[in-house]
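Working notes, structure below.
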Amino acid sequence: MNEILQTIQLSKRFGSTVVLDQMDLKVSEGSVYALLGPNGVGKSTTLQILMNLQQPTSGHAEVFGHDTRRISAKDFTQIGYVAESQEMPDWMTVESFMAYLRPFYPNWDASRADELLREFDLPLGRKLGHLSRGMRMKVALASSLAYRPRLLLMDEPFSALDSLTRDELIEGLLANIEGASILISSHDLGEIESFASHIGYLDRGRLQFSEDVVTLTSRFREIEITFEREPHIAESGWPASWLNVEQSGSLLRFVDTQFEQMQTTAELGRVFTSVKHVGLKALPLRSIFVTLAKASRKAA
Amino acid sequence: MKQALHIFRKDLRYLCYDVALALLGALVFCVMGARHARGPGPVAIFLPAIWWFLIARVVHAEALPGNQQFWLTRPYEWSSLLGAKGFFILTFVNLPLLVADAVIIHAAGFSILEKIAGLLWTQVLLVAAFVLPAVAFAAITSGLAEFLVVTLLLVFAILAQLVASSVFPYSRYWMELEWIKTYCLLAELAGAAVVVLVWQYARRNTLATRLTTAMAALVLMATSALLPWRMAFALQTHLSQRDVDISALRIRLDSERKWLGHVYVNDAGQVVAELPIRITGLPAGTECKPNGVNLTIRAPNGAIGNTSRPPQVSFEVQGDVTSLRAVMAPDFYVMVKDQPIELRGTLFFTVYGDKQTALIPLENGQVPVTGLGLCSAGSRFLLCNSAFRPHNGSLSFRMLQDVLGGSKAMVESPSGIASYSPFPAEANIDPLFQFFSPRMSTISEVRVEVRQPIAYLEQTFEMDGVRLSEFAVRPSAQVTAPQAYWPATKPEDQAH
């Protein structure tokens, strides 16, 4: 698949603080890529560099194959950007805002715009400054979907929204993204696990992993071993891919982040003796995220 | 263009009240200027303030610093955005002033067609001196609060400049040549503003453009303080088109009127010697006005008493008496006061000619006066208006006043500063420059004499054997006393 956007050795510093450290990210055309990570790890910075809102310290980013530092107005006609922190012209009404944006986009679909406004139940005559946070996000999304963008970047779009508004937004998004690529940043996996096709986990300035959801979920397994008697556990010599080791009596539990049936079985046989039972359990995305976050914190 | 107009219409909707206020201000300015004989008054201060903030508001509608503004991720062409802002300012700042100026000068009796150059040049100056800096400041600030801080800094800088120019007399010597310094500063200001604007709109590099602005401010201050007066005079000379024969010109000490000179101690504790000079040998029909002087005072032992550029040396013109004013240290004065010293220098002066005389009819409307503008006179006043710039010549008003049953001739020369600028307008919001002279007694006749500057020249001079003590009447030992003053005394008084 072609990459619709990518970052190459992208670094960003604010003073002495390194936010992004030679990060390589690739998002394929047509994918819904969730960029996850705890707060303050550089997700928003990454998206802002992709939109040329910030300049990289070194490395570079590309959107549609163009360096984002030279991203043109023509490129912006095919990109939507929805961010929690984005300022809007508060003096405009919802209707006048949409009408104002319309001439900027040659591919603006007026009937779709009307449909989105109806779908989101937005009050046309109300000023943007008088809208709730959820409604503002809906306006931002509606105004970004009305021209059928090839690429939609969403920076923490659902944070601090009530669950009803969040569901409405996601519903509206899913109903209107046909063929578009989406890069969505979030610190909460639960917000995006239902529709992300790819996931990247950003921590300590680098992508800790980046892969499609199927591969990701298939390589994570929670392994629970029951021993015949309480074992003495020494973690030296264990594969580095075994994380979050917990022991309770004769029960040992950990997460294998590189699960592969044959290889994992062989590793278990090499490391442990007197094994009574081995249980394998697939992990939901949320547990994978928590496992990685804990391991990352421990490593830090 | 289409996008620029679209943004323009949006800005007009957004700023409709601000625009209404600016147009109202321009209307009041226009009406006051047209109806009030002495110009638009305080509106001339408030209107630029309204414009200043209107410009900031329209630029901040799409603020450039920051990364949260919605428009940054929309398909704006930077050139269209800048064009929209420019068009807005032209429409609601420049155009109203153009119309107001036209109405005011028309109401004052001038022909708009004849003054079209001044009308348009005023717009060029407005853009260079006001609009471009305002847009540039707005482009590097994210909102009105930051813009207000910059404005206050600017006001403080201007006040500091005014205070400095009153404390340091150097700037006073520019007089008619002030326009050269003004245009140098304007060129730098407009150039820096254009660089900042284009850079900021094209690249949105706020840190770099703010640094550029700070650098430009330093360059402006340096230019204001360090621009060589001699270079300006040389430029003025270069602009002169006329050859004037000054081969017979002589500058010497006015030995017949030594009593006009005097020596005193100024506030800084320095000794000031004012030495009357006589300038002879000018071509017939011309007169001259000194613009500056270089002077070196050399003692018999070779010691140099002062440096050779203002403010250490200047001149003083009182009526037909021109004096060199030399400043020196008290020690030097005490050493040389009784010794024959050498004065070496260069006088820079303007030759005026092409005298025009106009009789101003009393209580009978305005008459045009070449090189000045329009003048009218009543039984107790004289009023002359010039449009867009002050006169550039030498003016004198000759009036016959009724005094105790008879008539007395009075000659008055306006003290306002003229300008040698070749341009048709000065950087001034009020399009009219006025000379108004009320009289206590009844005027029976008024004539205006105008001489045009025809050449800007320099002439070296040497004066040997000058004894400074001849210009002082008190014992030189008291010279060191602060504030000591020796009034000029005629030789015959000394004999008594």
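Residues in the structure tokens are named by chain (A, B, ... in the order shown) and by number from 1 within that chain; ligands are numbered from 1 in the order shown.
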(request) Identify all chain B residues at most 10 Å from chain A by counting only C-alpha atoms; ligands do not count. Present them as a list in words. (result) Lys2, Gln3, His6, Ile7, Arg9, Lys10, Arg13, Tyr14, Ala61, Glu62, Gly66, Asn67, Gln68, Gln69, Phe70, Trp71, Leu72, Thr73, Arg74, Pro75, Tyr76, Glu77, Trp78, Arg203, Arg204 and Asn205 of chain B
Could you dump the residues just selected with N, CA, C and O atoms as a short mmCIF file (atom, residue, chain, number, x, y, z; two decimals), in the first residue's frame?
data_model
loop_
_atom_site.label_atom_id
_atom_site.label_comp_id
_atom_site.auth_asym_id
_atom_site.auth_seq_id
_atom_site.Cartn_x
_atom_site.Cartn_y
_atom_site.Cartn_z
N LYS B 2 -9.91 36.00 -6.18
CA LYS B 2 -11.24 35.60 -5.74
C LYS B 2 -11.22 35.30 -4.23
O LYS B 2 -12.10 35.71 -3.49
N GLN B 3 -10.16 34.60 -3.83
CA GLN B 3 -10.04 34.25 -2.41
C GLN B 3 -9.83 35.50 -1.56
O GLN B 3 -10.40 35.62 -0.47
N HIS B 6 -13.03 37.17 -1.05
CA HIS B 6 -13.85 36.38 -0.11
C HIS B 6 -13.44 36.67 1.34
O HIS B 6 -14.29 36.89 2.21
N ILE B 7 -12.15 36.72 1.56
CA ILE B 7 -11.65 37.03 2.92
C ILE B 7 -12.00 38.47 3.28
O ILE B 7 -12.40 38.76 4.41
N ARG B 9 -14.57 40.22 2.30
CA ARG B 9 -15.99 40.32 2.66
C ARG B 9 -16.22 39.79 4.08
O ARG B 9 -17.00 40.34 4.86
N LYS B 10 -15.51 38.70 4.41
CA LYS B 10 -15.64 38.14 5.76
C LYS B 10 -15.15 39.16 6.80
O LYS B 10 -15.80 39.38 7.83
N ARG B 13 -17.66 41.89 7.37
CA ARG B 13 -18.77 41.47 8.25
C ARG B 13 -18.31 41.45 9.70
O ARG B 13 -18.99 41.89 10.60
N TYR B 14 -17.11 40.92 9.90
CA TYR B 14 -16.56 40.77 11.26
C TYR B 14 -16.32 42.13 11.91
O TYR B 14 -16.61 42.33 13.09
N ALA B 61 -7.61 39.02 12.70
CA ALA B 61 -8.72 38.12 12.32
C ALA B 61 -8.15 36.80 11.79
O ALA B 61 -8.80 35.76 11.91
N GLU B 62 -6.98 36.85 11.20
CA GLU B 62 -6.23 35.64 10.86
C GLU B 62 -4.83 35.82 11.45
O GLU B 62 -3.87 36.11 10.73
N GLY B 66 1.34 31.51 16.54
CA GLY B 66 0.52 30.47 17.16
C GLY B 66 0.24 29.33 16.20
O GLY B 66 0.55 29.40 15.01
N ASN B 67 -0.36 28.26 16.75
CA ASN B 67 -0.65 27.12 15.89
C ASN B 67 -2.02 26.52 16.17
O ASN B 67 -2.28 25.37 15.87
N GLN B 68 -2.90 27.32 16.75
CA GLN B 68 -4.23 26.80 17.06
C GLN B 68 -5.31 27.43 16.19
O GLN B 68 -6.48 27.03 16.29
N GLN B 69 -4.97 28.39 15.34
CA GLN B 69 -6.00 29.09 14.58
C GLN B 69 -6.58 28.19 13.49
O GLN B 69 -5.82 27.51 12.79
N PHE B 70 -7.89 28.25 13.33
CA PHE B 70 -8.56 27.34 12.38
C PHE B 70 -8.05 27.54 10.96
O PHE B 70 -7.93 26.59 10.20
N TRP B 71 -7.74 28.78 10.61
CA TRP B 71 -7.43 29.06 9.20
C TRP B 71 -6.10 28.44 8.76
O TRP B 71 -5.86 28.26 7.56
N LEU B 72 -5.25 28.10 9.74
CA LEU B 72 -3.93 27.58 9.39
C LEU B 72 -4.02 26.23 8.67
O LEU B 72 -3.11 25.86 7.93
N THR B 73 -5.10 25.51 8.91
CA THR B 73 -5.22 24.19 8.28
C THR B 73 -6.28 24.21 7.18
O THR B 73 -6.78 23.17 6.78
N ARG B 74 -6.59 25.41 6.72
CA ARG B 74 -7.53 25.55 5.61
C ARG B 74 -6.76 26.06 4.39
O ARG B 74 -5.68 26.64 4.53
N PRO B 75 -7.33 25.87 3.19
CA PRO B 75 -6.56 26.20 1.98
C PRO B 75 -6.44 27.69 1.69
O PRO B 75 -6.88 28.17 0.65
N TYR B 76 -5.84 28.42 2.61
CA TYR B 76 -5.57 29.84 2.40
C TYR B 76 -4.28 29.98 1.59
O TYR B 76 -3.27 29.37 1.93
N GLU B 77 -4.32 30.83 0.56
CA GLU B 77 -3.09 31.25 -0.13
C GLU B 77 -2.57 32.45 0.65
O GLU B 77 -3.31 33.41 0.86
N TRP B 78 -1.29 32.41 1.05
CA TRP B 78 -0.80 33.51 1.88
C TRP B 78 -0.86 34.84 1.14
O TRP B 78 -1.12 35.89 1.72
N ARG B 203 5.99 32.45 5.54
CA ARG B 203 6.61 31.36 6.31
C ARG B 203 6.10 31.24 7.74
O ARG B 203 6.37 30.26 8.41
N ARG B 204 5.47 32.24 8.23
CA ARG B 204 4.99 32.27 9.63
C ARG B 204 6.10 31.94 10.62
O ARG B 204 5.95 31.09 11.49
N ASN B 205 7.22 32.60 10.45
CA ASN B 205 8.34 32.39 11.36
C ASN B 205 8.37 33.57 12.34
O ASN B 205 9.08 34.56 12.14
#
(request) Name the residues of stretch 80-180 of chain A that fall into strand (DSSP E) according to DSSP on the backbone, using the chain letters and numbers of this document, as JSON, numbers by chain. (result) {"A": [80, 81, 82, 83, 151, 152, 153, 154, 155]}
(request) Do a neighbour search on B:Leu374 at 10 Å with only C-alpha atoms, toss out local chain neighbours closer than 2 positions, and write the hits as a PyMOL selection string. (result) chain B and resi 108-110+360+365-372+376+383-387+434
Those residues you just picked out, can you put them in a file as a short mmCIF file (atom, residue, chain, number, x, y, z; two decimals), in the first residue's frame with N, CA, C and O atoms?
data_model
loop_
_atom_site.label_atom_id
_atom_site.label_comp_id
_atom_site.auth_asym_id
_atom_site.auth_seq_id
_atom_site.Cartn_x
_atom_site.Cartn_y
_atom_site.Cartn_z
N ALA B 108 -10.46 74.69 1.26
CA ALA B 108 -9.50 75.77 1.58
C ALA B 108 -9.19 76.61 0.35
O ALA B 108 -8.42 77.58 0.44
N GLY B 109 -9.71 76.22 -0.79
CA GLY B 109 -9.54 77.05 -1.99
C GLY B 109 -8.56 76.51 -3.01
O GLY B 109 -8.32 77.13 -4.05
N PHE B 110 -7.97 75.36 -2.73
CA PHE B 110 -6.99 74.81 -3.67
C PHE B 110 -7.70 73.97 -4.74
O PHE B 110 -8.76 73.38 -4.48
N ILE B 360 -1.54 91.36 -0.95
CA ILE B 360 -2.72 90.64 -0.49
C ILE B 360 -3.84 91.65 -0.26
O ILE B 360 -3.72 92.51 0.62
N GLY B 365 -10.88 88.04 0.01
CA GLY B 365 -10.64 86.66 -0.39
C GLY B 365 -9.17 86.31 -0.49
O GLY B 365 -8.29 87.11 -0.13
N GLN B 366 -8.93 85.11 -1.00
CA GLN B 366 -7.56 84.59 -1.05
C GLN B 366 -6.91 84.88 -2.39
O GLN B 366 -7.58 84.93 -3.41
N VAL B 367 -5.60 85.06 -2.34
CA VAL B 367 -4.85 85.19 -3.60
C VAL B 367 -3.73 84.15 -3.58
O VAL B 367 -3.15 83.86 -2.52
N PRO B 368 -3.43 83.59 -4.74
CA PRO B 368 -2.33 82.62 -4.78
C PRO B 368 -0.98 83.32 -4.68
O PRO B 368 -0.79 84.38 -5.29
N VAL B 369 -0.08 82.76 -3.91
CA VAL B 369 1.27 83.29 -3.80
C VAL B 369 2.23 82.18 -4.22
O VAL B 369 2.26 81.10 -3.60
N THR B 370 2.98 82.41 -5.27
CA THR B 370 3.86 81.38 -5.81
C THR B 370 4.85 80.92 -4.75
O THR B 370 5.47 81.74 -4.07
N GLY B 371 5.00 79.63 -4.64
CA GLY B 371 5.95 79.07 -3.68
C GLY B 371 5.42 79.01 -2.28
O GLY B 371 6.10 78.55 -1.37
N LEU B 372 4.20 79.48 -2.07
CA LEU B 372 3.64 79.44 -0.72
C LEU B 372 2.27 78.77 -0.71
O LEU B 372 2.11 77.71 -0.12
N SER B 376 -4.75 85.26 2.57
CA SER B 376 -5.83 86.25 2.68
C SER B 376 -5.51 87.13 3.88
O SER B 376 -4.73 86.75 4.76
N LEU B 383 -3.51 85.38 6.96
CA LEU B 383 -3.61 83.91 6.97
C LEU B 383 -3.09 83.37 5.64
O LEU B 383 -3.55 83.80 4.58
N CYS B 384 -2.12 82.48 5.72
CA CYS B 384 -1.63 81.83 4.51
C CYS B 384 -1.72 80.32 4.69
O CYS B 384 -1.35 79.79 5.73
N ASN B 385 -2.24 79.65 3.68
CA ASN B 385 -2.34 78.19 3.69
C ASN B 385 -1.48 77.62 2.58
O ASN B 385 -1.48 78.15 1.46
N SER B 386 -0.78 76.55 2.89
CA SER B 386 -0.16 75.77 1.81
C SER B 386 -0.65 74.34 1.96
O SER B 386 -0.96 73.89 3.07
N ALA B 387 -0.78 73.65 0.83
CA ALA B 387 -1.39 72.32 0.86
C ALA B 387 -0.32 71.24 0.85
O ALA B 387 0.60 71.27 0.02
N GLN B 434 -0.44 76.06 7.87
CA GLN B 434 -0.96 77.42 7.95
C GLN B 434 -0.01 78.38 8.64
O GLN B 434 0.73 78.00 9.54
#
(request) For B:Met335, please output as a list of chain:residue names all residues within 10 Å (counting only C-alpha atoms; exclusion window: fewer than 4 positions along the same chain). (result)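 Contacts, in chain order: B:Ala299, B:Ala303, B:Pro330, B:Asp331, B:Gln339, B:Ser476.
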Writer output for current selection, C-alpha atoms, as a compact mmCIF listing (two decimals), in the first residue's frame:
# COMPACT_ATOMS: atom_id res chain seq x y z
CA ALA B 299 45.50 78.60 19.67
CA ALA B 303 45.97 73.57 20.68
CA PRO B 330 36.74 76.95 30.20
CA ASP B 331 40.44 76.05 30.50
CA GLN B 339 45.93 85.59 22.32
CA SER B 476 38.24 86.17 32.37
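Across the model, the gap from atom CA of B:Met231 to atom CA of B:Val351 is 18.6 Å.
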(request) For A:Arg219, please output as an NGL selection string all residues within 8 Å (counting only C-alpha atoms; exclusion window: fewer than 2 positions along the same chain). (result) :A and (215-217 or 221 or 256-260)
Selected residues written out, C-alpha atoms, as a compact mmCIF listing (two decimals), in the first residue's frame:
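To be explicit, this is the file written out as selection_23.txt:
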# COMPACT_ATOMS: atom_id res chain seq x y z
CA THR A 215 -1.19 -8.52 13.73
CA LEU A 216 -1.03 -6.68 16.99
CA THR A 217 -3.73 -8.64 18.71
CA ARG A 221 -0.99 -13.28 24.59
CA ASP A 256 4.15 -12.30 25.68
CA THR A 257 4.37 -9.45 23.20
CA GLN A 258 5.85 -11.60 20.42
CA PHE A 259 3.61 -14.61 20.62
CA GLU A 260 4.11 -17.28 17.97
(request) Select from stretch 14-110 of chain A everything DSSP, run on the backbone, classes as alpha helix (DSSP H), then give the selection as a ChimeraX atom specification. (result) /A:43-50,73-76,94-101,110
(message) When you count only C-alpha atoms, which of these residues is closest to A:Ile199: A:Arg150, A:Val278, A:Lys298, A:Leu35?
(response)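 Ranked by minimum distance to A:Ile199, first place goes to A:Leu35.
Residue nearest B:Pro133 within the list B:Ala145, B:Val195, B:Leu90, B:Val58: B:Val195 [criterion: smallest interatomic distance, only C-alpha atoms].
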(request) With a distance cut-off of 12 Å and only C-alpha atoms, select the neighbouring residues of A:Leu122, excluding the residue or stretch itself and same-chain residues fewer than 6 positions from it, and output the selection as a PyMOL selection string. (result) chain A and resi 93-95+98+113-116+128+130-132+134-143+165+168
Would you save the residues from that selection as a tab-separated table (two decimals), in the first residue's frame, using N, CA and C atoms?
chain	number	residue	atom	x	y	z
A	93	THR	N	-21.68	32.26	12.96
A	93	THR	CA	-22.67	31.22	13.28
A	93	THR	C	-22.23	29.94	12.58
A	94	VAL	N	-22.85	28.85	12.97
A	94	VAL	CA	-22.52	27.56	12.36
A	94	VAL	C	-22.72	27.66	10.84
A	95	GLU	N	-23.84	28.24	10.47
A	95	GLU	CA	-24.18	28.34	9.05
A	95	GLU	C	-23.19	29.22	8.30
A	98	MET	N	-19.80	27.50	7.80
A	98	MET	CA	-19.79	26.54	6.69
A	98	MET	C	-19.82	27.28	5.35
A	113	ALA	N	-22.72	18.54	3.26
A	113	ALA	CA	-22.55	19.46	4.39
A	113	ALA	C	-23.88	19.62	5.14
A	114	ASP	N	-24.94	19.82	4.37
A	114	ASP	CA	-26.27	19.97	5.00
A	114	ASP	C	-26.63	18.71	5.78
A	115	GLU	N	-26.32	17.58	5.15
A	115	GLU	CA	-26.63	16.30	5.77
A	115	GLU	C	-25.88	16.14	7.10
A	116	LEU	N	-24.61	16.52	7.07
A	116	LEU	CA	-23.79	16.41	8.29
A	116	LEU	C	-24.32	17.30	9.40
A	128	LEU	N	-20.48	30.22	17.00
A	128	LEU	CA	-19.55	29.16	17.41
A	128	LEU	C	-19.09	29.36	18.85
A	130	HIS	N	-20.77	30.30	21.22
A	130	HIS	CA	-21.80	29.93	22.19
A	130	HIS	C	-22.08	28.43	22.19
A	131	LEU	N	-21.29	27.67	21.45
A	131	LEU	CA	-21.51	26.22	21.37
A	131	LEU	C	-20.76	25.50	22.48
A	132	SER	N	-21.30	24.34	22.85
A	132	SER	CA	-20.59	23.51	23.83
A	132	SER	C	-19.37	22.90	23.14
A	134	GLY	N	-18.60	19.80	22.76
A	134	GLY	CA	-18.99	18.70	21.87
A	134	GLY	C	-19.51	19.23	20.54
A	135	MET	N	-20.33	20.27	20.62
A	135	MET	CA	-20.89	20.84	19.39
A	135	MET	C	-19.81	21.46	18.52
A	136	ARG	N	-18.84	22.08	19.17
A	136	ARG	CA	-17.72	22.67	18.39
A	136	ARG	C	-16.97	21.57	17.65
A	137	MET	N	-16.78	20.45	18.32
A	137	MET	CA	-16.08	19.34	17.65
A	137	MET	C	-16.90	18.82	16.49
A	138	LYS	N	-18.20	18.82	16.67
A	138	LYS	CA	-19.07	18.37	15.59
A	138	LYS	C	-18.97	19.32	14.40
A	139	VAL	N	-18.96	20.62	14.69
A	139	VAL	CA	-18.83	21.61	13.60
A	139	VAL	C	-17.49	21.41	12.88
A	140	ALA	N	-16.44	21.22	13.70
A	140	ALA	CA	-15.11	21.03	13.10
A	140	ALA	C	-15.10	19.79	12.20
A	141	LEU	N	-15.74	18.73	12.68
A	141	LEU	CA	-15.75	17.49	11.90
A	141	LEU	C	-16.62	17.65	10.65
A	142	ALA	N	-17.80	18.25	10.84
A	142	ALA	CA	-18.68	18.44	9.68
A	142	ALA	C	-18.00	19.29	8.63
A	143	SER	N	-17.30	20.35	9.08
A	143	SER	CA	-16.65	21.25	8.12
A	143	SER	C	-15.43	20.58	7.49
A	165	THR	N	-22.07	12.12	23.01
A	165	THR	CA	-21.50	12.97	21.97
A	165	THR	C	-20.39	12.24	21.23
A	168	GLU	N	-21.86	9.80	18.86
A	168	GLU	CA	-22.44	10.51	17.70
A	168	GLU	C	-21.35	10.92	16.72
(request) For B:Asp101, work out the shell of residues within 12 Å, counting only C-alpha atoms and skipping chain neighbours fewer than 3 positions away, then give it as a VMD selection string. (result) chain B and resid 26 to 27 29 to 34 39 to 40 44 94 to 98 104 to 108 110 to 112 115 to 116 118 to 123 387 to 388 425 428 to 432
(request) Find, counting only C-alpha atoms, the residue in B:Ala418, B:Met463, B:Ala192, B:Ile304 that gets nearest to B:Arg278. (result)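 Ranked by minimum distance to B:Arg278, first place goes to B:Met463.
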(message) One number please: atom CA of B:Leu359 to atom CA of B:Glu445, in Å, one decimal.
(response)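 Computing it gives 7.8 Å between the two atoms.
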(request) For atom CA of A:Gly129 and atom CA of B:Leu15, determine how far apart the two atoms are, in Å to one decimal place. (result) 16.4 Å
(message) Using only C-alpha atoms for the distances, tell me which of A:Arg253, A:Arg112, A:Arg206, A:Lys43 is nearest to A:Leu153.
(response) A:Lys43
